[in-house]
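Dumped structure.cif below, it's mmCIF, C-alpha atoms:
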data_final
loop_
_atom_site.label_atom_id
_atom_site.label_comp_id
_atom_site.auth_asym_id
_atom_site.auth_seq_id
_atom_site.Cartn_x
_atom_site.Cartn_y
_atom_site.Cartn_z
CA MET A 12 5.86 13.23 31.53
CA SER A 13 4.87 10.83 34.31
CA ASP A 14 1.61 8.93 34.48
CA ASP A 15 0.70 10.97 37.56
CA GLU A 16 0.85 14.14 35.49
CA ASP A 17 -1.10 12.51 32.70
CA ASP A 18 -3.86 11.80 35.18
CA LEU A 19 -3.90 15.29 36.62
CA ILE A 20 -7.45 16.64 36.64
CA LEU A 21 -7.26 20.41 36.53
CA SER A 22 -10.76 20.95 37.86
CA GLU A 23 -9.82 19.15 41.08
CA LEU A 24 -7.07 21.61 41.91
CA ASN A 25 -7.76 24.60 44.12
CA ASP A 26 -7.24 28.05 42.60
CA GLU A 27 -3.68 28.43 43.76
CA GLU A 28 -2.67 24.97 42.57
CA LEU A 29 -4.43 25.49 39.28
CA VAL A 30 -2.63 28.76 38.57
CA GLU A 31 0.68 27.09 39.47
CA GLN A 32 -0.17 24.24 37.11
CA MET A 33 -1.09 26.73 34.39
CA PHE A 34 2.33 28.33 34.78
CA ASP A 35 3.86 24.89 34.15
CA ASP A 36 1.51 24.18 31.24
CA LEU A 37 2.25 27.53 29.67
CA TYR A 38 5.97 26.89 30.08
CA ASP A 39 5.50 23.56 28.33
CA GLY A 40 3.36 25.07 25.58
CA MET A 41 0.27 22.98 26.36
CA LYS A 42 -2.47 24.91 24.64
CA ASP A 43 -5.39 22.58 25.40
CA GLU A 44 -4.57 22.57 29.10
CA ILE A 45 -4.29 26.36 29.17
CA GLU A 46 -7.68 26.72 27.50
CA GLU A 47 -9.14 24.29 30.03
CA GLY A 48 -7.52 26.14 32.94
CA VAL A 49 -8.87 29.49 31.73
CA THR A 50 -12.35 28.04 31.39
CA ILE A 51 -12.24 26.54 34.89
CA LEU A 52 -11.12 29.82 36.49
CA LEU A 53 -13.88 31.71 34.68
CA GLU A 54 -16.43 29.14 35.86
CA ARG A 55 -15.19 29.70 39.39
CA GLY A 56 -16.07 33.35 39.06
CA TRP A 57 -12.67 34.84 38.33
CA ALA A 58 -12.88 38.09 36.39
CA PRO A 59 -11.41 37.72 32.89
CA TYR A 60 -8.84 40.43 33.64
CA ARG A 61 -7.67 38.51 36.71
CA VAL A 62 -7.31 35.27 34.72
CA LEU A 63 -5.30 37.16 32.14
CA THR A 64 -2.93 38.91 34.50
CA GLU A 65 -2.48 36.31 37.23
CA ALA A 66 -2.53 33.08 35.26
CA LEU A 67 -1.45 33.89 31.70
CA VAL A 68 0.75 36.97 32.01
CA GLY A 69 2.20 35.57 35.22
CA GLY A 70 3.17 32.39 33.38
CA MET A 71 4.49 34.19 30.32
CA THR A 72 6.61 36.41 32.52
CA ILE A 73 8.46 33.32 33.74
CA VAL A 74 8.87 32.21 30.12
CA GLY A 75 10.19 35.68 29.23
CA HIS A 76 12.73 35.65 32.04
CA ASP A 77 14.01 32.21 31.10
CA PHE A 78 14.28 33.27 27.46
CA ARG A 79 16.25 36.35 28.47
CA ASP A 80 18.52 34.20 30.65
CA GLY A 81 19.20 31.67 27.89
CA ILE A 82 17.30 28.82 29.58
CA LEU A 83 14.52 28.74 26.99
CA PHE A 84 14.94 29.25 23.26
CA VAL A 85 12.73 30.55 20.48
CA PRO A 86 10.85 27.30 19.76
CA GLU A 87 9.81 26.91 23.39
CA VAL A 88 8.79 30.55 23.62
CA LEU A 89 6.67 30.14 20.49
CA LEU A 90 4.94 27.09 21.92
CA ALA A 91 4.25 28.98 25.15
CA ALA A 92 2.97 31.95 23.15
CA ASN A 93 0.72 29.66 21.17
CA ALA A 94 -0.70 28.26 24.39
CA MET A 95 -1.26 31.76 25.73
CA LYS A 96 -2.93 32.71 22.48
CA GLY A 97 -5.43 29.89 23.07
CA GLY A 98 -6.26 31.33 26.49
CA MET A 99 -6.42 34.87 25.15
CA ALA A 100 -8.91 33.84 22.48
CA ILE A 101 -11.33 32.81 25.22
CA LEU A 102 -10.67 35.92 27.32
CA LYS A 103 -10.62 38.64 24.67
CA PRO A 104 -14.37 38.92 24.03
CA LEU A 105 -15.01 38.75 27.75
CA LEU A 106 -12.45 41.46 28.47
CA ALA A 107 -14.20 43.71 25.97
CA GLU A 108 -17.58 43.03 27.60
CA THR A 109 -16.38 43.60 31.14
CA GLY A 110 -14.55 46.82 30.34
CA ALA A 111 -11.16 45.70 31.60
CA PRO A 112 -8.76 48.56 32.30
CA THR A 113 -6.68 49.77 29.38
CA ILE A 114 -3.41 51.50 30.15
CA GLY A 115 -2.64 52.66 26.63
CA LYS A 116 -3.00 52.02 22.95
CA MET A 117 -0.36 50.79 20.54
CA VAL A 118 -0.15 50.54 16.76
CA ILE A 119 2.42 47.95 15.77
CA GLY A 120 3.69 46.54 12.50
CA THR A 121 6.65 45.05 10.66
CA VAL A 122 8.19 47.57 8.28
CA LYS A 123 8.09 47.63 4.48
CA GLY A 124 10.08 44.90 2.75
CA ASP A 125 10.02 42.64 5.80
CA ILE A 126 7.68 39.72 6.33
CA HIS A 127 8.97 38.55 9.70
CA ASP A 128 6.38 38.75 12.42
CA ILE A 129 7.28 36.35 15.20
CA GLY A 130 8.82 39.00 17.44
CA LYS A 131 6.16 41.53 16.53
CA ASN A 132 3.40 39.05 17.36
CA LEU A 133 4.98 38.24 20.72
CA VAL A 134 5.20 41.93 21.57
CA ALA A 135 1.59 42.49 20.50
CA MET A 136 0.42 39.60 22.65
CA MET A 137 2.40 40.61 25.72
CA MET A 138 1.27 44.22 25.35
CA GLU A 139 -2.34 43.06 25.24
CA GLY A 140 -1.68 40.92 28.27
CA ALA A 141 -0.30 43.96 30.07
CA GLY A 142 -3.50 45.90 29.41
CA PHE A 143 -2.69 47.76 26.21
CA GLU A 144 -5.07 47.93 23.31
CA VAL A 145 -3.07 46.77 20.30
CA ILE A 146 -3.76 47.54 16.65
CA ASP A 147 -1.64 45.11 14.64
CA LEU A 148 -0.86 46.28 11.11
CA GLY A 149 0.79 42.99 10.16
CA ILE A 150 3.83 42.77 7.91
CA ASN A 151 5.42 44.75 5.09
CA ASN A 152 4.04 48.16 6.08
CA PRO A 153 4.86 51.29 4.10
CA VAL A 154 5.07 54.62 5.89
CA GLU A 155 1.50 55.42 4.87
CA SER A 156 0.14 52.48 6.89
CA TYR A 157 1.69 53.78 10.08
CA LEU A 158 0.58 57.35 9.47
CA GLU A 159 -2.96 56.38 8.54
CA ALA A 160 -3.26 54.11 11.58
CA ALA A 161 -1.85 56.84 13.79
CA ALA A 162 -4.42 59.32 12.51
CA ALA A 163 -7.30 56.88 12.76
CA GLU A 164 -6.46 55.17 16.04
CA LYS A 165 -4.69 57.94 17.94
CA PRO A 166 -2.43 55.51 19.79
CA ASP A 167 -0.01 56.38 22.56
CA ILE A 168 2.67 54.21 21.00
CA ILE A 169 3.82 53.34 17.50
CA GLY A 170 5.86 50.14 17.41
CA MET A 171 8.01 49.04 14.49
CA SER A 172 9.69 45.71 13.97
CA ALA A 173 12.32 44.48 11.46
CA LEU A 174 14.42 41.35 11.26
CA LEU A 175 16.65 42.33 8.40
CA THR A 176 19.62 44.65 8.17
CA THR A 177 18.20 45.76 4.84
CA THR A 178 14.80 46.71 6.23
CA MET A 179 15.63 48.25 9.58
CA PRO A 180 16.61 51.64 8.05
CA TYR A 181 12.98 51.98 6.94
CA MET A 182 12.10 52.76 10.54
CA LYS A 183 13.87 56.08 10.08
CA VAL A 184 11.78 56.76 6.99
CA VAL A 185 8.66 56.44 9.12
CA ILE A 186 10.04 58.60 11.93
CA ASP A 187 11.23 61.25 9.48
CA ALA A 188 7.77 61.32 7.90
CA MET A 189 6.28 61.85 11.35
CA ILE A 190 8.68 64.73 11.97
CA GLU A 191 7.85 66.22 8.60
CA GLN A 192 4.15 66.13 9.40
CA GLY A 193 4.78 67.64 12.84
CA ILE A 194 3.31 64.66 14.66
CA ARG A 195 6.45 62.95 15.97
CA GLU A 196 6.00 64.23 19.53
CA ASP A 197 2.39 63.03 19.63
CA TYR A 198 3.55 59.42 19.94
CA LEU A 199 6.05 57.25 21.68
CA VAL A 200 8.00 55.29 19.09
CA LEU A 201 9.36 51.89 20.13
CA VAL A 202 11.49 49.77 17.81
CA GLY A 203 12.72 46.21 17.97
CA GLY A 204 14.07 43.28 15.98
CA ALA A 205 17.10 41.03 15.95
CA PRO A 206 19.66 43.22 14.13
CA LEU A 207 18.72 46.40 16.02
CA ASN A 208 20.51 47.80 19.00
CA GLU A 209 20.33 50.69 21.41
CA GLU A 210 22.56 52.91 19.28
CA PHE A 211 20.47 52.35 16.19
CA GLY A 212 17.30 53.23 18.10
CA LYS A 213 18.85 56.51 19.21
CA ALA A 214 20.31 57.27 15.79
CA ILE A 215 16.95 57.04 14.02
CA GLY A 216 15.16 59.07 16.69
CA ALA A 217 13.06 56.38 18.34
CA ASP A 218 12.07 56.80 21.98
CA ALA A 219 13.44 53.36 22.83
CA TYR A 220 14.86 50.15 21.43
CA CYS A 221 13.28 47.10 23.05
CA ARG A 222 15.37 43.92 23.10
CA ASP A 223 12.45 41.56 23.64
CA ALA A 224 8.73 41.45 24.35
CA ALA A 225 9.15 41.72 28.11
CA VAL A 226 11.38 44.78 27.74
CA ALA A 227 8.85 46.28 25.32
CA VAL A 228 6.08 45.97 27.90
CA GLU A 229 8.18 47.45 30.70
CA THR A 230 9.45 50.26 28.47
CA ALA A 231 5.95 51.08 27.28
CA LYS A 232 4.62 51.24 30.83
CA THR A 233 7.51 53.41 32.02
CA LEU A 234 7.36 55.85 29.12
CA ILE A 235 3.58 56.18 29.30
CA ALA A 236 3.74 56.85 33.03
CA ARG A 237 6.50 59.42 32.47
CA ARG A 238 4.50 61.13 29.77
CA HIS A 239 1.42 61.29 32.01
CA ASN A 240 3.49 62.76 34.83
CA GLN A 241 5.05 65.35 32.51
CA ARG A 242 1.65 66.36 31.22
CA ALA A 243 0.27 66.57 34.75
CA ALA A 244 3.23 68.71 35.82
CA GLY A 245 3.08 70.86 32.69
CA MET C 3 47.39 22.92 1.60
CA THR C 4 45.33 20.74 3.92
CA GLY C 5 41.98 19.50 2.68
CA THR C 6 38.72 21.27 3.41
CA PRO C 7 37.34 20.23 6.77
CA ASP C 8 33.94 18.60 6.86
CA ASP C 9 30.84 20.74 7.16
CA ALA C 10 30.13 19.73 10.75
CA THR C 11 33.57 20.97 11.81
CA LEU C 12 33.13 24.19 9.85
CA THR C 13 29.77 24.67 11.52
CA ARG C 14 30.88 24.18 15.10
CA ARG C 15 34.62 24.87 15.20
CA GLY C 16 35.65 26.69 12.05
CA LEU C 17 39.10 26.42 10.49
CA ALA C 18 42.54 27.31 11.80
CA ALA C 19 44.92 29.44 9.74
CA GLU C 20 47.88 27.69 8.17
CA GLY C 21 50.23 30.49 9.11
CA THR C 22 51.35 31.06 5.54
CA GLY C 23 50.73 34.05 3.29
CA ARG C 24 50.86 37.71 4.20
CA ILE C 25 47.15 38.47 3.98
CA LEU C 26 44.74 36.73 6.31
CA LEU C 27 41.09 36.22 5.49
CA ILE C 28 38.88 35.77 8.53
CA ALA C 29 35.76 34.17 7.15
CA CYS C 30 32.49 32.59 8.09
CA GLY C 31 32.88 28.80 8.08
CA ALA C 32 30.02 28.63 5.58
CA LEU C 33 32.35 30.15 2.98
CA ALA C 34 35.39 27.94 3.58
CA ARG C 35 35.01 25.61 0.61
CA GLU C 36 34.30 28.43 -1.78
CA ILE C 37 37.23 30.53 -0.59
CA LEU C 38 39.63 27.58 -0.72
CA ASP C 39 38.39 26.77 -4.21
CA LEU C 40 38.96 30.34 -5.38
CA LYS C 41 42.41 30.40 -3.78
CA ALA C 42 43.38 27.21 -5.58
CA ARG C 43 41.90 28.28 -8.93
CA HIS C 44 43.65 31.64 -8.95
CA GLY C 45 46.82 30.59 -7.20
CA TRP C 46 46.31 33.11 -4.40
CA ASP C 47 48.90 31.49 -2.17
CA HIS C 48 49.59 34.74 -0.38
CA LEU C 49 46.09 34.61 1.11
CA ASP C 50 45.76 32.55 4.27
CA LEU C 51 42.38 31.56 5.63
CA THR C 52 40.89 31.07 9.06
CA CYS C 53 37.19 30.49 9.61
CA LEU C 54 34.97 31.21 12.56
CA PRO C 55 32.26 28.66 13.31
CA ALA C 56 29.58 28.95 10.65
CA ILE C 57 26.84 28.52 13.26
CA LEU C 58 27.44 32.16 14.25
CA HIS C 59 25.13 32.77 11.28
CA ASN C 60 22.35 31.86 13.72
CA HIS C 61 23.71 34.20 16.40
CA PRO C 62 24.59 37.44 14.61
CA ASP C 63 24.95 39.23 17.93
CA ARG C 64 28.11 37.18 18.54
CA ILE C 65 29.78 37.78 15.17
CA THR C 66 31.31 41.19 15.81
CA ASP C 67 33.11 40.17 19.00
CA ALA C 68 34.28 36.91 17.41
CA VAL C 69 35.77 38.77 14.42
CA ARG C 70 37.34 41.37 16.70
CA LYS C 71 38.95 38.63 18.77
CA ALA C 72 40.24 36.80 15.69
CA VAL C 73 41.76 40.02 14.35
CA ASP C 74 43.51 40.63 17.67
CA ASN C 75 44.82 37.05 17.76
CA HIS C 76 46.31 37.20 14.26
CA ARG C 77 47.23 40.83 13.82
CA ALA C 78 50.95 40.41 14.52
CA ARG C 79 51.50 37.65 11.97
CA TYR C 80 50.00 39.24 8.84
CA ALA C 81 50.52 42.38 6.80
CA ARG C 82 46.80 42.77 6.23
CA ILE C 83 43.59 41.18 7.46
CA CYS C 84 40.25 41.08 5.64
CA ALA C 85 36.94 39.85 7.03
CA VAL C 86 34.96 37.67 4.63
CA TYR C 87 31.68 38.69 6.18
CA ALA C 88 28.97 41.01 4.98
CA ASP C 89 26.80 42.71 7.60
CA CYS C 90 25.29 39.29 8.36
CA GLY C 91 22.59 40.60 10.68
CA THR C 92 24.93 42.60 12.91
CA GLY C 93 22.99 45.77 12.22
CA GLY C 94 26.09 47.72 11.21
CA LEU C 95 28.12 46.75 14.28
CA LEU C 96 30.53 44.55 12.32
CA GLN C 97 31.16 47.30 9.82
CA ALA C 98 31.86 49.78 12.61
CA ALA C 99 34.26 47.34 14.29
CA CYS C 100 36.07 46.59 11.02
CA ARG C 101 36.45 50.27 10.30
CA GLU C 102 37.93 50.78 13.74
CA LEU C 103 40.26 47.80 13.30
CA GLY C 104 41.34 48.84 9.81
CA VAL C 105 39.96 45.61 8.37
CA GLU C 106 38.14 45.45 5.04
CA MET C 107 35.01 43.37 4.71
CA VAL C 108 32.65 42.27 1.96
CA ALA C 109 30.05 44.85 0.94
CA GLY C 110 26.37 44.07 1.34
CA PRO C 111 23.87 42.73 3.82
CA HIS C 112 24.70 39.00 3.67
CA CYS C 113 26.19 36.23 1.55
CA TYR C 114 22.93 35.74 -0.38
CA ALA C 115 23.38 39.28 -1.68
CA PHE C 116 27.07 39.05 -2.56
CA TYR C 117 26.73 35.63 -4.20
CA GLU C 118 24.09 36.99 -6.53
CA GLY C 119 25.68 40.42 -6.87
CA LEU C 120 24.48 43.30 -4.70
CA ASP C 121 22.68 45.26 -7.37
CA ARG C 122 20.94 42.30 -8.88
CA PHE C 123 19.93 40.99 -5.47
CA ALA C 124 18.54 44.36 -4.39
CA ALA C 125 16.64 44.74 -7.66
CA ARG C 126 14.83 41.46 -7.08
CA ASP C 127 13.17 42.89 -3.97
CA GLU C 128 11.66 39.61 -2.85
CA PRO C 129 11.10 39.70 0.90
CA ALA C 130 9.09 36.48 0.84
CA SER C 131 12.02 34.36 -0.36
CA PHE C 132 14.02 32.15 1.96
CA TYR C 133 17.58 31.65 0.70
CA LEU C 134 19.94 28.71 0.94
CA THR C 135 23.50 28.44 -0.37
CA ASP C 136 25.37 25.22 -1.14
CA PHE C 137 26.65 25.10 2.43
CA LEU C 138 23.24 25.77 3.95
CA VAL C 139 21.61 23.14 1.77
CA ARG C 140 24.09 20.60 3.12
CA GLN C 141 23.72 21.86 6.69
CA PHE C 142 19.99 22.56 6.61
CA ASP C 143 19.22 20.49 9.67
CA ALA C 144 21.94 22.11 11.75
CA PHE C 145 21.06 25.67 10.70
CA VAL C 146 17.31 25.61 10.15
CA TRP C 147 15.39 22.51 11.06
CA LYS C 148 16.82 21.75 14.51
CA PRO C 149 17.53 25.26 15.86
CA LEU C 150 13.98 26.28 14.99
CA GLY C 151 12.70 23.23 16.84
CA LEU C 152 10.97 21.86 13.74
CA ASP C 153 12.39 18.40 14.43
CA ARG C 154 10.51 18.36 17.72
CA HIS C 155 7.59 20.63 16.91
CA PRO C 156 6.72 20.57 13.22
CA GLU C 157 3.54 22.45 14.08
CA LEU C 158 5.69 25.59 14.40
CA ARG C 159 6.39 25.60 10.68
CA GLU C 160 3.53 27.93 9.88
CA MET C 161 4.63 30.43 12.53
CA TYR C 162 8.13 30.57 11.08
CA PHE C 163 7.49 30.23 7.37
CA GLY C 164 3.83 31.14 6.89
CA ASN C 165 4.73 34.50 5.34
CA TYR C 166 7.33 33.05 2.97
CA GLU C 167 6.47 32.02 -0.57
CA ALA C 168 9.60 30.45 -2.01
CA LEU C 169 12.82 28.73 -1.08
CA VAL C 170 15.52 30.05 -3.39
CA TYR C 171 18.55 27.82 -3.71
CA GLN C 172 21.52 29.93 -4.77
CA ALA C 173 23.78 27.35 -6.33
CA GLN C 174 27.48 28.05 -6.18
CA THR C 175 28.16 24.76 -7.93
CA ASP C 176 26.22 22.65 -10.38
CA ASP C 177 25.46 19.59 -8.28
CA PRO C 178 22.27 17.59 -8.99
CA THR C 179 22.47 15.91 -5.60
CA LEU C 180 22.47 19.27 -3.83
CA THR C 181 19.65 20.50 -6.03
CA ALA C 182 17.53 17.49 -5.11
CA LEU C 183 18.35 18.03 -1.45
CA ALA C 184 17.42 21.71 -1.66
CA GLN C 185 14.17 20.75 -3.33
CA SER C 186 13.37 18.39 -0.48
CA HIS C 187 14.06 21.19 2.02
CA ALA C 188 11.57 23.39 0.16
CA ALA C 189 8.99 20.63 0.40
CA ARG C 190 9.61 20.26 4.13
CA LEU C 191 9.03 23.98 4.60
CA GLY C 192 5.99 23.96 2.33
CA LEU C 193 7.57 26.50 -0.04
CA ARG C 194 7.82 26.79 -3.80
CA PHE C 195 11.31 25.84 -4.99
CA GLU C 196 13.53 27.90 -7.20
CA ARG C 197 17.18 27.34 -8.13
CA ARG C 198 19.48 30.11 -9.26
CA VAL C 199 23.04 29.50 -10.34
CA THR C 200 25.06 32.33 -8.83
CA GLY C 201 28.57 30.94 -8.85
CA TYR C 202 30.75 32.89 -6.46
CA GLY C 203 29.48 36.32 -7.50
CA ASP C 204 30.97 39.29 -5.64
CA LEU C 205 32.93 36.93 -3.40
CA GLU C 206 35.29 36.25 -6.28
CA THR C 207 35.66 39.87 -7.35
CA THR C 208 36.16 41.04 -3.77
CA MET C 209 38.84 38.41 -3.15
CA ALA C 210 40.52 39.26 -6.44
CA ASP C 211 40.68 42.88 -5.37
CA TRP C 212 42.16 41.97 -1.99
CA ALA C 213 44.63 39.56 -3.57
CA ALA C 214 45.86 42.12 -6.10
CA ARG C 215 46.77 44.75 -3.54
CA PRO C 216 49.97 44.74 -1.49
#
Rewrite the structure of this file - the entire thing - as structure tokens.
Amino acid sequence: MSDDEDDLILSELNDEELVEQMFDDLYDGMKDEIEEGVTILLERGWAPYRVLTEALVGGMTIVGHDFRDGILFVPEVLLAANAMKGGMAILKPLLAETGAPTIGKMVIGTVKGDIHDIGKNLVAMMMEGAGFEVIDLGINNPVESYLEAAAAEKPDIIGMSALLTTTMPYMKVVIDAMIEQGIREDYLVLVGGAPLNEEFGKAIGADAYCRDAAVAVETAKTLIARRHNQRAAG
Amino acid sequence: MTGTPDDATLTRRGLAAEGTGRILLIACGALAREILDLKARHGWDHLDLTCLPAILHNHPDRITDAVRKAVDNHRARYARICAVYADCGTGGLLQAACRELGVEMVAGPHCYAFYEGLDRFAARDEPASFYLTDFLVRQFDAFVWKPLGLDRHPELREMYFGNYEALVYQAQTDDPTLTALAQSHAARLGLRFERRVTGYGDLETTMADWAARP
């Protein structure tokens, strides 16, 4: 990094320049700078929801595209996510206070026998950024956790994650339990994780397999909109 | 027989077949030493070996196509081809491809399972263990530390390994130097260290079965 950039004073940038700079800072995983940028925009009267969508989600979308295209790799995405998390921590209580729009609710968790949560955490964060309320069940979830959360939270979406070939079949256990209880059609079921693929998603009866966090957000939006339209038409 | 290539070559380039023997094993480069050792011990001269780059371990989505291509390249020269891969994170795609190609493979989810023995490994049910084999202990930086960016961003360690409890070193050989190295890897990851001597486990029995059949 050059000296010029070291000397950059975020508060002296106009809104447009600051958001552009935040995109760069997010891309570079600079958490402190993102927190400062968020604070400055809020002080300038930006609504928390606008800071979230225009500055943070906008920046993470670029990160997501470059990850998909093989320009960025997992470590860089994690650093960016960590920076975004810093910004989100400031915004979250404010979003709750200001009644920011919510476009849906998701329960998400890593399945039983699996402790991997990096992908699941990224999805949860990006879904929150996109305006979903996210209930994160954490790791190593038996079928009961999903069913109890579904009953208690009444989400639109149930998301399941697995990193292991040995644990991904458990997703079918959860879906079969939902069918058995007659509640499968009450929810959209999205699945993801490194060893999964489209065919597997179909075979276990999920509504969609999502390759990455960006795809998960887009798929969730599309399927929710489709469901609303079907209900309106029906 | 030529000597075993160095680990860096096995990681990035793999191993070419010698063109001898009527059965070809297409293996992960991480298994080369072990397979060559078993071949020499048992006198399985009718088994030839080629290895794909071991680093595919970090890119399971590329394994199936790489195996398929290797089978196509060698099909004409051998009476039978076997893939010395387990599922290895391919989510069943490798198994489907092998079935289609008429190629046998090793049963189980990954080498950690077949080194220990599938039943015993499954019975352990320890999702919070991070496994290393002899090869992965030697190539830890190339397979874990650098690809995860921990050389540049050690602060990511908690995000990657925060849910793990132990590093389990599955020892194929009894080598105090490797054990010490594995122990140092556990310390770097902030995990409890455990060493289990597995030997070659189901790898040996699987190869013996392949070698005994025409």
Smallest atom-to-atom distance to chain A: which of C:Met107, C:Cys90, C:Cys100, C:Ala173, using all atoms listed in the file? C:Cys90
Should the cut-off be 6 Å, what would the residue list for chain A against chain C look like, counting all atoms listed in the file, as an NGL selection string? :A and (86 or 124-125 or 176 or 206-207)
Distance of atom CA of A:Glu164 from atom CA of A:Thr72, expressed in Å to one decimal place: 28.2 Å
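Look at A:Leu37: the protein and nucleic acid residues within 6 Å of it, using only C-alpha atoms and passing over chain neighbours fewer than 4 places away, are Met33, Met41 and Ala91 of chain A.
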Would you write out, as a PyMOL selection string, every residue that the PyMOL selection byres ((chain A and resi 134) around 12) captures in this file? chain A and resi 71+75+89+92+117-121+128-133+135-141+143+145-147+170-172+201-204+221-231
So how far away is atom CA of C:Tyr117 from atom CA of C:Gly45, in Å?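 We find that atom CA of C:Gly45 and atom CA of C:Tyr117 lie 20.9 Å from each other.
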